[in-house]
Every structure is written in structure tokens, then in C-alpha cells.
$ cat structure_26.pdb   # PDB, C-alpha atoms, pLDDT in the B column
ATOM      1  CA  MET A 183       4.422  17.523   2.616  1.00 91.00           C
ATOM      2  CA  THR A 184       3.901  20.474   0.332  1.00 92.00           C
ATOM      3  CA  ARG A 185       1.180  22.205  -1.687  1.00 92.00           C
ATOM      4  CA  HIS A 186      -0.186  21.315  -5.096  1.00 89.00           C
ATOM      5  CA  PHE A 187      -2.094  23.852  -7.172  1.00 89.00           C
ATOM      6  CA  ALA A 188      -4.919  22.547  -9.338  1.00 83.00           C
ATOM      7  CA  GLU A 189      -5.821  23.982 -12.731  1.00 83.00           C
ATOM      8  CA  ASP A 190      -8.505  26.173 -11.164  1.00 86.00           C
ATOM      9  CA  GLY A 191      -5.939  27.699  -8.784  1.00 88.00           C
ATOM     10  CA  THR A 192      -7.031  25.914  -5.600  1.00 89.00           C
ATOM     11  CA  ALA A 193      -4.249  24.643  -3.334  1.00 92.00           C
ATOM     12  CA  ALA A 194      -4.273  21.170  -1.802  1.00 90.00           C
ATOM     13  CA  PRO A 195      -2.050  19.756   0.974  1.00 94.00           C
ATOM     14  CA  VAL A 196      -0.161  16.822  -0.531  1.00 94.00           C
ATOM     15  CA  THR A 197       2.556  14.330   0.351  1.00 94.00           C
ATOM     16  CA  VAL A 198       5.268  13.450  -2.168  1.00 95.00           C
ATOM     17  CA  ILE A 199       6.192   9.748  -2.024  1.00 94.00           C
ATOM     18  CA  GLU A 200       9.040   7.950  -3.756  1.00 92.00           C
ATOM     19  CA  ALA A 201       7.100   4.891  -4.914  1.00 90.00           C
ATOM     20  CA  GLY A 202       9.278   2.251  -6.516  1.00 80.00           C
ATOM     21  CA  PRO A 203      10.490   0.924  -8.702  1.00 90.00           C
ATOM     22  CA  CYS A 204       9.698  -2.453  -7.166  1.00 91.00           C
ATOM     23  CA  PHE A 205      10.662  -5.839  -8.598  1.00 93.00           C
ATOM     24  CA  VAL A 206       8.861  -9.173  -8.400  1.00 92.00           C
ATOM     25  CA  THR A 207      11.247 -11.443  -6.468  1.00 92.00           C
ATOM     26  CA  GLN A 208       9.099 -14.563  -5.975  1.00 91.00           C
ATOM     27  CA  ILE A 209       5.823 -16.011  -7.245  1.00 91.00           C
ATOM     28  CA  LYS A 210       3.699 -18.341  -5.115  1.00 90.00           C
ATOM     29  CA  SER A 211       0.956 -20.541  -6.592  1.00 88.00           C
ATOM     30  CA  ARG A 212      -1.955 -22.449  -5.090  1.00 88.00           C
ATOM     31  CA  GLU A 213      -0.627 -25.748  -6.414  1.00 87.00           C
ATOM     32  CA  ARG A 214       2.804 -25.436  -4.805  1.00 88.00           C
ATOM     33  CA  ASP A 215       2.283 -23.129  -1.816  1.00 87.00           C
ATOM     34  CA  GLY A 216      -1.437 -23.384  -1.073  1.00 89.00           C
ATOM     35  CA  TYR A 217      -2.190 -19.758  -1.950  1.00 90.00           C
ATOM     36  CA  ALA A 218      -1.452 -17.271  -4.727  1.00 90.00           C
ATOM     37  CA  ALA A 219       0.823 -14.318  -4.016  1.00 92.00           C
ATOM     38  CA  ILE A 220       3.809 -12.396  -5.276  1.00 92.00           C
ATOM     39  CA  GLN A 221       6.776 -11.100  -3.320  1.00 92.00           C
ATOM     40  CA  ILE A 222       8.030  -7.653  -4.261  1.00 92.00           C
ATOM     41  CA  GLY A 223      11.264  -5.901  -3.297  1.00 92.00           C
ATOM     42  CA  PHE A 224      12.209  -2.251  -3.000  1.00 92.00           C
ATOM     43  CA  GLU A 225      15.380  -0.158  -2.500  1.00 89.00           C
ATOM     44  CA  GLU A 226      18.803  -1.558  -3.293  1.00 88.00           C
ATOM     45  CA  SER A 227      21.287  -2.250  -0.502  1.00 87.00           C
ATOM     46  CA  LYS A 228      24.928  -3.308  -0.289  1.00 87.00           C
ATOM     47  CA  ARG A 229      24.484  -5.048   3.065  1.00 88.00           C
ATOM     48  CA  LEU A 230      22.739  -8.349   2.347  1.00 89.00           C
ATOM     49  CA  ASN A 231      23.729 -11.657   3.877  1.00 89.00           C
ATOM     50  CA  SER A 232      24.399 -14.839   1.896  1.00 92.00           C
ATOM     51  CA  PRO A 233      20.862 -16.339   2.108  1.00 92.00           C
ATOM     52  CA  GLU A 234      19.341 -13.040   0.990  1.00 89.00           C
ATOM     53  CA  ARG A 235      21.712 -12.816  -1.963  1.00 90.00           C
ATOM     54  CA  GLY A 236      20.875 -16.390  -2.901  1.00 92.00           C
ATOM     55  CA  HIS A 237      17.166 -15.676  -2.789  1.00 91.00           C
ATOM     56  CA  LEU A 238      17.657 -12.619  -5.028  1.00 90.00           C
ATOM     57  CA  LYS A 239      20.054 -14.296  -7.464  1.00 90.00           C
ATOM     58  CA  GLY A 240      19.852 -12.558 -10.831  1.00 88.00           C
ATOM     59  CA  LEU A 241      17.967  -9.592  -9.356  1.00 89.00           C
ATOM     60  CA  PRO A 242      19.067  -6.309  -7.776  1.00 88.00           C
ATOM     61  CA  ALA A 243      20.139  -6.520  -4.115  1.00 89.00           C
ATOM     62  CA  LEU A 244      16.817  -5.354  -2.686  1.00 91.00           C
ATOM     63  CA  ARG A 245      16.549  -4.327   0.936  1.00 90.00           C
ATOM     64  CA  HIS A 246      12.803  -4.530   1.672  1.00 92.00           C
ATOM     65  CA  LEU A 247      10.729  -7.596   0.710  1.00 92.00           C
ATOM     66  CA  ARG A 248       6.946  -7.802   1.115  1.00 92.00           C
ATOM     67  CA  GLU A 249       4.415 -10.429   0.070  1.00 92.00           C
ATOM     68  CA  VAL A 250       1.159  -9.425  -1.618  1.00 90.00           C
ATOM     69  CA  ARG A 251      -1.809 -11.742  -2.115  1.00 90.00           C
ATOM     70  CA  THR A 252      -3.256 -11.740  -5.608  1.00 87.00           C
ATOM     71  CA  ASP A 253      -5.668 -13.830  -7.673  1.00 84.00           C
ATOM     72  CA  ASP A 254      -3.549 -13.342 -10.793  1.00 80.00           C
ATOM     73  CA  ALA A 255      -0.085 -14.491  -9.707  1.00 80.00           C
ATOM     74  CA  GLU A 256       0.405 -16.223 -13.075  1.00 81.00           C
ATOM     75  CA  GLY A 257       0.262 -12.817 -14.755  1.00 84.00           C
ATOM     76  CA  TYR A 258       3.589 -11.806 -13.182  1.00 89.00           C
ATOM     77  CA  GLN A 259       7.145 -12.901 -13.904  1.00 90.00           C
ATOM     78  CA  ARG A 260      10.155 -12.998 -11.605  1.00 91.00           C
ATOM     79  CA  GLY A 261      12.186  -9.833 -12.166  1.00 89.00           C
ATOM     80  CA  GLN A 262       9.209  -7.873 -13.502  1.00 90.00           C
ATOM     81  CA  ARG A 263       9.389  -4.161 -12.737  1.00 91.00           C
ATOM     82  CA  ILE A 264       6.446  -2.438 -11.011  1.00 90.00           C
ATOM     83  CA  ASP A 265       6.419   1.358 -10.878  1.00 89.00           C
ATOM     84  CA  VAL A 266       4.077   4.319 -10.355  1.00 91.00           C
ATOM     85  CA  SER A 267       2.778   4.128 -13.919  1.00 89.00           C
ATOM     86  CA  MET A 268       0.089   1.757 -12.592  1.00 89.00           C
ATOM     87  CA  PHE A 269      -1.547   4.798 -10.924  1.00 91.00           C
ATOM     88  CA  LYS A 270      -3.138   7.826 -12.547  1.00 92.00           C
ATOM     89  CA  PRO A 271      -4.423  11.157 -11.185  1.00 91.00           C
ATOM     90  CA  GLY A 272      -7.812  10.729  -9.582  1.00 90.00           C
ATOM     91  CA  ASP A 273      -7.185   7.197  -8.273  1.00 92.00           C
ATOM     92  CA  ILE A 274      -8.057   6.438  -4.646  1.00 93.00           C
ATOM     93  CA  VAL A 275      -5.323   4.661  -2.668  1.00 94.00           C
ATOM     94  CA  ASP A 276      -4.670   3.424   0.868  1.00 94.00           C
ATOM     95  CA  VAL A 277      -1.265   4.124   2.439  1.00 95.00           C
ATOM     96  CA  ILE A 278       0.051   1.841   5.199  1.00 95.00           C
ATOM     97  CA  GLY A 279       3.001   2.717   7.431  1.00 95.00           C
ATOM     98  CA  VAL A 280       4.340   2.725  10.983  1.00 95.00           C
ATOM     99  CA  SER A 281       3.409   5.847  12.929  1.00 95.00           C
ATOM    100  CA  LYS A 282       5.964   7.966  14.748  1.00 95.00           C
ATOM    101  CA  GLY A 283       6.933   6.531  18.129  1.00 95.00           C
ATOM    102  CA  ARG A 284       6.159   8.859  21.049  1.00 95.00           C
ATOM    103  CA  GLY A 285       7.467   6.628  23.824  1.00 96.00           C
ATOM    104  CA  TYR A 286       5.651   6.047  27.121  1.00 97.00           C
ATOM    105  CA  ALA A 287       2.925   8.688  27.349  1.00 97.00           C
ATOM    106  CA  GLY A 288       0.318   9.626  29.940  1.00 96.00           C
ATOM    107  CA  VAL A 289      -3.419   9.756  29.408  1.00 96.00           C
ATOM    108  CA  MET A 290      -3.492  13.478  28.574  1.00 96.00           C
ATOM    109  CA  LYS A 291      -1.042  13.166  25.700  1.00 96.00           C
ATOM    110  CA  ARG A 292      -2.084   9.691  24.572  1.00 96.00           C
ATOM    111  CA  HIS A 293      -5.889   9.985  24.796  1.00 96.00           C
ATOM    112  CA  GLY A 294      -6.590  13.694  25.259  1.00 95.00           C
ATOM    113  CA  PHE A 295      -7.859  13.494  28.837  1.00 94.00           C
ATOM    114  CA  GLY A 296      -8.621  16.817  30.489  1.00 91.00           C
ATOM    115  CA  GLY A 297      -6.939  16.125  33.824  1.00 87.00           C
ATOM    116  CA  GLY A 298      -8.318  16.619  37.321  1.00 86.00           C
ATOM    117  CA  PRO A 299      -9.179  19.813  39.181  1.00 84.00           C
ATOM    118  CA  ILE A 300      -6.475  21.762  41.028  1.00 82.00           C
ATOM    119  CA  THR A 301      -8.751  22.544  43.959  1.00 84.00           C
ATOM    120  CA  HIS A 302     -10.619  20.860  46.831  1.00 82.00           C
ATOM    121  CA  GLY A 303      -7.396  19.797  48.491  1.00 83.00           C
ATOM    122  CA  GLN A 304      -5.909  18.160  45.383  1.00 82.00           C
ATOM    123  CA  SER A 305      -2.408  19.351  44.654  1.00 81.00           C
ATOM    124  CA  ASP A 306      -0.507  16.569  42.892  1.00 83.00           C
ATOM    125  CA  ARG A 307      -2.964  14.635  40.669  1.00 85.00           C
ATOM    126  CA  GLN A 308      -3.593  17.124  37.842  1.00 89.00           C
ATOM    127  CA  ARG A 309      -2.460  14.869  34.968  1.00 91.00           C
ATOM    128  CA  HIS A 310      -3.659  11.528  36.340  1.00 91.00           C
ATOM    129  CA  PRO A 311      -6.566   9.491  34.877  1.00 92.00           C
ATOM    130  CA  GLY A 312      -8.692   9.378  38.012  1.00 88.00           C
ATOM    131  CA  ALA A 313     -10.671   6.282  39.003  1.00 87.00           C
ATOM    132  CA  ILE A 314     -10.095   3.328  36.649  1.00 90.00           C
ATOM    133  CA  ALA A 315     -12.736   0.902  37.995  1.00 88.00           C
ATOM    134  CA  SER A 316     -16.003   0.795  39.838  1.00 84.00           C
ATOM    135  CA  GLY A 317     -16.565  -0.783  43.258  1.00 82.00           C
ATOM    136  CA  THR A 318     -18.016  -4.194  44.004  1.00 86.00           C
ATOM    137  CA  THR A 319     -19.686  -4.484  40.613  1.00 85.00           C
ATOM    138  CA  PRO A 320     -18.005  -5.501  38.341  1.00 83.00           C
ATOM    139  CA  GLY A 321     -15.043  -5.493  40.731  1.00 86.00           C
ATOM    140  CA  ASN A 322     -12.400  -5.467  38.013  1.00 90.00           C
ATOM    141  CA  ILE A 323     -10.868  -3.163  35.419  1.00 91.00           C
ATOM    142  CA  ILE A 324     -12.640  -3.311  32.053  1.00 90.00           C
ATOM    143  CA  LYS A 325     -10.486  -4.678  29.247  1.00 92.00           C
ATOM    144  CA  GLY A 326      -9.244  -2.002  26.822  1.00 92.00           C
ATOM    145  CA  LEU A 327      -9.515   0.843  29.321  1.00 94.00           C
ATOM    146  CA  ARG A 328      -7.646   3.936  28.148  1.00 96.00           C
ATOM    147  CA  MET A 329      -4.575   4.326  30.355  1.00 96.00           C
ATOM    148  CA  ALA A 330      -0.964   5.466  30.103  1.00 96.00           C
ATOM    149  CA  GLY A 331       1.342   3.380  27.923  1.00 96.00           C
ATOM    150  CA  GLN A 332       3.329   3.129  24.704  1.00 96.00           C
ATOM    151  CA  MET A 333       2.171   5.721  22.168  1.00 96.00           C
ATOM    152  CA  GLY A 334       2.773   5.438  18.447  1.00 95.00           C
ATOM    153  CA  ALA A 335       5.163   3.070  16.631  1.00 95.00           C
ATOM    154  CA  GLU A 336       2.243   0.991  15.378  1.00 95.00           C
ATOM    155  CA  ARG A 337       0.872   0.013  11.988  1.00 96.00           C
ATOM    156  CA  VAL A 338      -1.514   2.665  10.661  1.00 95.00           C
ATOM    157  CA  THR A 339      -3.623   2.636   7.494  1.00 96.00           C
ATOM    158  CA  VAL A 340      -4.811   5.935   6.004  1.00 95.00           C
ATOM    159  CA  GLN A 341      -7.641   5.228   3.587  1.00 94.00           C
ATOM    160  CA  ASN A 342      -9.052   6.991   0.551  1.00 93.00           C
ATOM    161  CA  LEU A 343      -6.232   9.354  -0.365  1.00 94.00           C
ATOM    162  CA  ARG A 344      -6.601  10.861  -3.822  1.00 93.00           C
ATOM    163  CA  VAL A 345      -3.697  10.700  -6.263  1.00 93.00           C
ATOM    164  CA  GLU A 346      -3.032  14.242  -7.436  1.00 92.00           C
ATOM    165  CA  MET A 347      -0.003  13.688  -9.669  1.00 91.00           C
ATOM    166  CA  VAL A 348       2.192  10.879 -11.007  1.00 93.00           C
ATOM    167  CA  ASP A 349       5.788  11.298 -12.198  1.00 92.00           C
ATOM    168  CA  PRO A 350       7.049   7.958 -13.634  1.00 90.00           C
ATOM    169  CA  GLU A 351      10.431   9.412 -14.638  1.00 91.00           C
ATOM    170  CA  ARG A 352      11.327  10.245 -11.023  1.00 92.00           C
ATOM    171  CA  ASN A 353       9.170   7.484  -9.439  1.00 91.00           C
ATOM    172  CA  LEU A 354       7.126  10.066  -7.527  1.00 93.00           C
ATOM    173  CA  LEU A 355       3.538   9.717  -6.388  1.00 94.00           C
ATOM    174  CA  VAL A 356       1.751  12.800  -5.019  1.00 94.00           C
ATOM    175  CA  VAL A 357      -1.285  12.074  -2.832  1.00 95.00           C
ATOM    176  CA  ARG A 358      -3.671  14.502  -1.166  1.00 94.00           C
ATOM    177  CA  GLY A 359      -3.323  14.550   2.618  1.00 93.00           C
ATOM    178  CA  ALA A 360      -0.861  13.163   5.160  1.00 94.00           C
ATOM    179  CA  VAL A 361       0.599   9.669   5.420  1.00 95.00           C
ATOM    180  CA  PRO A 362       1.724   7.839   8.583  1.00 94.00           C
ATOM    181  CA  GLY A 363       5.314   7.748   9.816  1.00 92.00           C
ATOM    182  CA  ALA A 364       8.397   9.903   9.824  1.00 92.00           C
ATOM    183  CA  ALA A 365      10.245  11.234   6.796  1.00 90.00           C
ATOM    184  CA  ASP A 366      12.117   8.499   4.874  1.00 88.00           C
ATOM    185  CA  GLY A 367       9.850   5.858   6.430  1.00 91.00           C
ATOM    186  CA  LEU A 368       8.738   2.757   4.533  1.00 92.00           C
ATOM    187  CA  LEU A 369       5.198   2.868   3.110  1.00 94.00           C
ATOM    188  CA  PHE A 370       2.955   0.324   1.427  1.00 94.00           C
ATOM    189  CA  ILE A 371       0.569   1.726  -1.201  1.00 93.00           C
ATOM    190  CA  ARG A 372      -2.436  -0.182  -2.515  1.00 90.00           C
ATOM    191  CA  LYS A 373      -5.580   0.538  -4.505  1.00 89.00           C
ATOM    192  CA  GLY A 374      -8.301   1.807  -2.171  1.00 88.00           C
ATOM    193  CA  VAL A 375     -10.269  -0.991  -0.532  1.00 88.00           C
ATOM    194  CA  LYS A 376     -13.204   1.285   0.285  1.00 86.00           C
ATOM    195  CA  THR A 377     -13.194   3.354  -2.873  1.00 74.00           C
ATOM    196  CA  ARG A 378     -15.327   6.205  -1.642  1.00 63.00           C
ATOM    197  CA  GLN A 379     -14.894   9.407  -3.585  1.00 59.00           C
ATOM    198  CA  PRO A 380     -13.838  12.198  -1.192  1.00 55.00           C
ATOM    199  CA  ARG A 381     -16.394  14.913  -0.531  1.00 64.00           C
ATOM    200  CA  LYS A 382     -15.879  18.132  -2.490  1.00 63.00           C
ATOM    201  CA  ARG A 383     -15.322  21.207  -0.337  1.00 62.00           C
TER
END
$ encode --input "structure_26.pdb" --output "C-alpha cells"
Amino acid sequence: MTRHFAEDGTAAPVTVIEAGPCFVTQIKSRERDGYAAIQIGFEESKRLNSPERGHLKGLPALRHLREVRTDDAEGYQRGQRIDVSMFKPGDIVDVIGVSKGRGYAGVMKRHGFGGGPITHGQSDRQRHPGAIASGTTPGNIIKGLRMAGQMGAERVTVQNLRVEMVDPERNLLVVRGAVPGAADGLLFIRKGVKTRQPRKR
């Protein structure tokens, strides 16, 4: 993350993303596969096995492959290059990634619980969740109850990020705000599904 200064001098917190270039590696049609989609690949690698090299014959040795549903699969060709030039400043995008893994975490770190009192004879339960169920009725723990467990390392979608700048020569996309995951993580960028214009501050 860094800062981006607008023409009026205001600073915005932004994230710089290396977006592409991606290549169309496979085209699926309703007649042959039952649905329309394209498969795109990103980032070249020297460590591909024989089936992967066969699948990518005639294309760069791409490391990451993802399938994207589309109604216009016939408009693409195998080997077609897709880069950040499809975006322009002012566009609203959604960014999908895997959040940072925090390991096994308690309820205070994972859910923001306040903890128990350190008085009235209690000396060793400060960070515990307290009672997790009622008595006879309903007599069981409610499904989805917030408890300790694995924190992070899950798919997260951040919606309605505004594109501040596009640099096709360096394949850079600058969006306002933070994106999920650690540095050098893999992200999926799409046009905003809920294209709500962000509120001006």
C-alpha cells in the first residue's frame, strides 16, 4: 500500500497490484461443455509437469489457471492476451483473495470478545468465552456460535474499490483501499457486481 495524490491535492490510501498480463488458455462452449466460460492463466513458471505443458501447448508456461464464466465465450480466442487496459480510472472493481492466516485463535482475538472479570473469585478465566449454551431449553449449543478456532486463511471478497490509476506498460492497477492477503499473494479482479459509487468524504 501507498498514497496517491489526486489533482486537487487530496491523498488517498491505495494498493498497487500487478494485474496481468493474462492469457486465454481454454474456451468452453454450451454445445460441447454445457456452459460458456474461458480459462485464463497468469505468471510464467519453469516447473510445470507434462500434463500441464500439454494443456498449454503453444502458450507460455503459465503457473496459475482460473476459469471465468461468461456469456460471450465466442468473442475470445485461445492465446488472446488480457491486460489492465480493460480498466480505466473511476471504474469500480471487486478484489478476491485469501486472507492472511492467523492460526488457531481465541475468542478475544478472533471475534473481539471483552473477556471475563478478574474479580469475584475468578483468577484464571480472563480470556475465555464464558457460557456457550443455555440450560434445559434448548439444551444444545446453537449452530454457528462464535468460539475459538482457525482464524484467517479464507477466501475474502472486498467490494466496490475504485480504480485510481492504470499503467498498461508496467501492468499495474492502483485501487483505493486495502485488498485481502499478504504481499505477493494471488488476487482475482473483476468488474464490481454491486456497482455502488463510493460516498464522497
$ resolve_selection --input "structure_26.pdb" --expression "the PyMOL selection byres ((chain A and resi 344) around 6)" --output "PyMOL selection string"
chain A and resi 272-274+343+345+357-358
$ resolve_selection --input "structure_26.pdb" --expression "the PyMOL selection byres ((chain A and resi 373) around 9)" --output "PDB file with C-alpha atoms, in the frame of the given file"
ATOM      1  CA  PHE A 269      -1.547   4.798 -10.924  1.00 91.00           C
ATOM      2  CA  ASP A 273      -7.185   7.197  -8.273  1.00 92.00           C
ATOM      3  CA  ILE A 274      -8.057   6.438  -4.646  1.00 93.00           C
ATOM      4  CA  VAL A 275      -5.323   4.661  -2.668  1.00 94.00           C
ATOM      5  CA  ASP A 276      -4.670   3.424   0.868  1.00 94.00           C
ATOM      6  CA  VAL A 277      -1.265   4.124   2.439  1.00 95.00           C
ATOM      7  CA  ASN A 342      -9.052   6.991   0.551  1.00 93.00           C
ATOM      8  CA  ILE A 371       0.569   1.726  -1.201  1.00 93.00           C
ATOM      9  CA  ARG A 372      -2.436  -0.182  -2.515  1.00 90.00           C
ATOM     10  CA  GLY A 374      -8.301   1.807  -2.171  1.00 88.00           C
ATOM     11  CA  VAL A 375     -10.269  -0.991  -0.532  1.00 88.00           C
ATOM     12  CA  THR A 377     -13.194   3.354  -2.873  1.00 74.00           C
TER      13      THR A 377
END
$ atom_distance --input "structure_26.pdb" --atom1 "atom CA of Leu354 of chain A" --atom2 "atom CA of Lys239 of chain A"
27.6 Å
$ residues_near_point --input "structure_26.pdb" --point "(10.0, 7.5, -8.2)" --cutoff "9 Å" --atoms "all atoms listed in the file" --output "VMD selection string"
chain A and resid 199 to 203 265 to 266 348 to 355
$ write_last_selection --input "structure_26.pdb" --atoms "C-alpha atoms" --output "compact mmCIF listing (two decimals), keeping the file's coordinate frame"
# COMPACT_ATOMS: atom_id res chain seq x y z
CA ILE A 199 6.19 9.75 -2.02
CA GLU A 200 9.04 7.95 -3.76
CA ALA A 201 7.10 4.89 -4.91
CA GLY A 202 9.28 2.25 -6.52
CA PRO A 203 10.49 0.92 -8.70
CA ASP A 265 6.42 1.36 -10.88
CA VAL A 266 4.08 4.32 -10.36
CA VAL A 348 2.19 10.88 -11.01
CA ASP A 349 5.79 11.30 -12.20
CA PRO A 350 7.05 7.96 -13.63
CA GLU A 351 10.43 9.41 -14.64
CA ARG A 352 11.33 10.24 -11.02
CA ASN A 353 9.17 7.48 -9.44
CA LEU A 354 7.13 10.07 -7.53
CA LEU A 355 3.54 9.72 -6.39
$ resolve_selection --input "structure_26.pdb" --expression "the PyMOL selection byres ((chain A and resi 225) around 6)" --output "PyMOL selection string"
chain A and resi 224+226+244-245
$ build_atoms --input "structure_26.pdb" --residues "segment 248-261 of chain A" --atoms "N, CA, C and O atoms" --output "PDB file, in the coordinates of the input"
ATOM      1  N   ARG A 248       8.300  -7.673   0.588  1.00 92.00           N
ATOM      2  CA  ARG A 248       6.946  -7.802   1.115  1.00 92.00           C
ATOM      3  C   ARG A 248       6.142  -8.726   0.204  1.00 92.00           C
ATOM      4  O   ARG A 248       6.309  -8.715  -1.017  1.00 92.00           O
ATOM      5  N   GLU A 249       5.254  -9.510   0.815  1.00 92.00           N
ATOM      6  CA  GLU A 249       4.415 -10.429   0.070  1.00 92.00           C
ATOM      7  C   GLU A 249       3.022  -9.838  -0.106  1.00 92.00           C
ATOM      8  O   GLU A 249       2.457  -9.268   0.835  1.00 92.00           O
ATOM      9  N   VAL A 250       2.470  -9.989  -1.287  1.00 90.00           N
ATOM     10  CA  VAL A 250       1.159  -9.425  -1.618  1.00 90.00           C
ATOM     11  C   VAL A 250       0.290 -10.526  -2.200  1.00 90.00           C
ATOM     12  O   VAL A 250       0.664 -11.158  -3.187  1.00 90.00           O
ATOM     13  N   ARG A 251      -0.866 -10.755  -1.579  1.00 90.00           N
ATOM     14  CA  ARG A 251      -1.809 -11.742  -2.115  1.00 90.00           C
ATOM     15  C   ARG A 251      -2.431 -11.220  -3.404  1.00 90.00           C
ATOM     16  O   ARG A 251      -2.730 -10.034  -3.522  1.00 90.00           O
ATOM     17  N   THR A 252      -2.645 -12.109  -4.342  1.00 87.00           N
ATOM     18  CA  THR A 252      -3.256 -11.740  -5.608  1.00 87.00           C
ATOM     19  C   THR A 252      -3.922 -12.957  -6.222  1.00 87.00           C
ATOM     20  O   THR A 252      -3.491 -14.101  -5.988  1.00 87.00           O
ATOM     21  N   ASP A 253      -4.994 -12.732  -6.972  1.00 84.00           N
ATOM     22  CA  ASP A 253      -5.668 -13.830  -7.673  1.00 84.00           C
ATOM     23  C   ASP A 253      -5.035 -14.105  -9.022  1.00 84.00           C
ATOM     24  O   ASP A 253      -5.355 -15.107  -9.663  1.00 84.00           O
ATOM     25  N   ASP A 254      -4.139 -13.228  -9.457  1.00 80.00           N
ATOM     26  CA  ASP A 254      -3.549 -13.342 -10.793  1.00 80.00           C
ATOM     27  C   ASP A 254      -2.034 -13.428 -10.692  1.00 80.00           C
ATOM     28  O   ASP A 254      -1.314 -12.664 -11.332  1.00 80.00           O
ATOM     29  N   ALA A 255      -1.531 -14.352  -9.867  1.00 80.00           N
ATOM     30  CA  ALA A 255      -0.085 -14.491  -9.707  1.00 80.00           C
ATOM     31  C   ALA A 255       0.574 -14.968 -11.002  1.00 80.00           C
ATOM     32  O   ALA A 255       1.747 -14.654 -11.259  1.00 80.00           O
ATOM     33  N   GLU A 256      -0.180 -15.722 -11.820  1.00 81.00           N
ATOM     34  CA  GLU A 256       0.405 -16.223 -13.075  1.00 81.00           C
ATOM     35  C   GLU A 256       0.673 -15.090 -14.059  1.00 81.00           C
ATOM     36  O   GLU A 256       1.451 -15.257 -15.000  1.00 81.00           O
ATOM     37  N   GLY A 257       0.058 -13.943 -13.845  1.00 84.00           N
ATOM     38  CA  GLY A 257       0.262 -12.817 -14.755  1.00 84.00           C
ATOM     39  C   GLY A 257       1.549 -12.057 -14.509  1.00 84.00           C
ATOM     40  O   GLY A 257       1.840 -11.099 -15.237  1.00 84.00           O
ATOM     41  N   TYR A 258       2.327 -12.466 -13.503  1.00 89.00           N
ATOM     42  CA  TYR A 258       3.589 -11.806 -13.182  1.00 89.00           C
ATOM     43  C   TYR A 258       4.763 -12.734 -13.482  1.00 89.00           C
ATOM     44  O   TYR A 258       4.618 -13.962 -13.521  1.00 89.00           O
ATOM     45  N   GLN A 259       5.916 -12.140 -13.681  1.00 90.00           N
ATOM     46  CA  GLN A 259       7.145 -12.901 -13.904  1.00 90.00           C
ATOM     47  C   GLN A 259       8.209 -12.436 -12.929  1.00 90.00           C
ATOM     48  O   GLN A 259       8.247 -11.259 -12.540  1.00 90.00           O
ATOM     49  N   ARG A 260       9.070 -13.357 -12.522  1.00 91.00           N
ATOM     50  CA  ARG A 260      10.155 -12.998 -11.605  1.00 91.00           C
ATOM     51  C   ARG A 260      11.074 -11.983 -12.283  1.00 91.00           C
ATOM     52  O   ARG A 260      11.495 -12.171 -13.423  1.00 91.00           O
ATOM     53  N   GLY A 261      11.375 -10.900 -11.608  1.00 89.00           N
ATOM     54  CA  GLY A 261      12.186  -9.833 -12.166  1.00 89.00           C
ATOM     55  C   GLY A 261      11.382  -8.727 -12.811  1.00 89.00           C
ATOM     56  O   GLY A 261      11.953  -7.718 -13.234  1.00 89.00           O
TER      57      GLY A 261
END
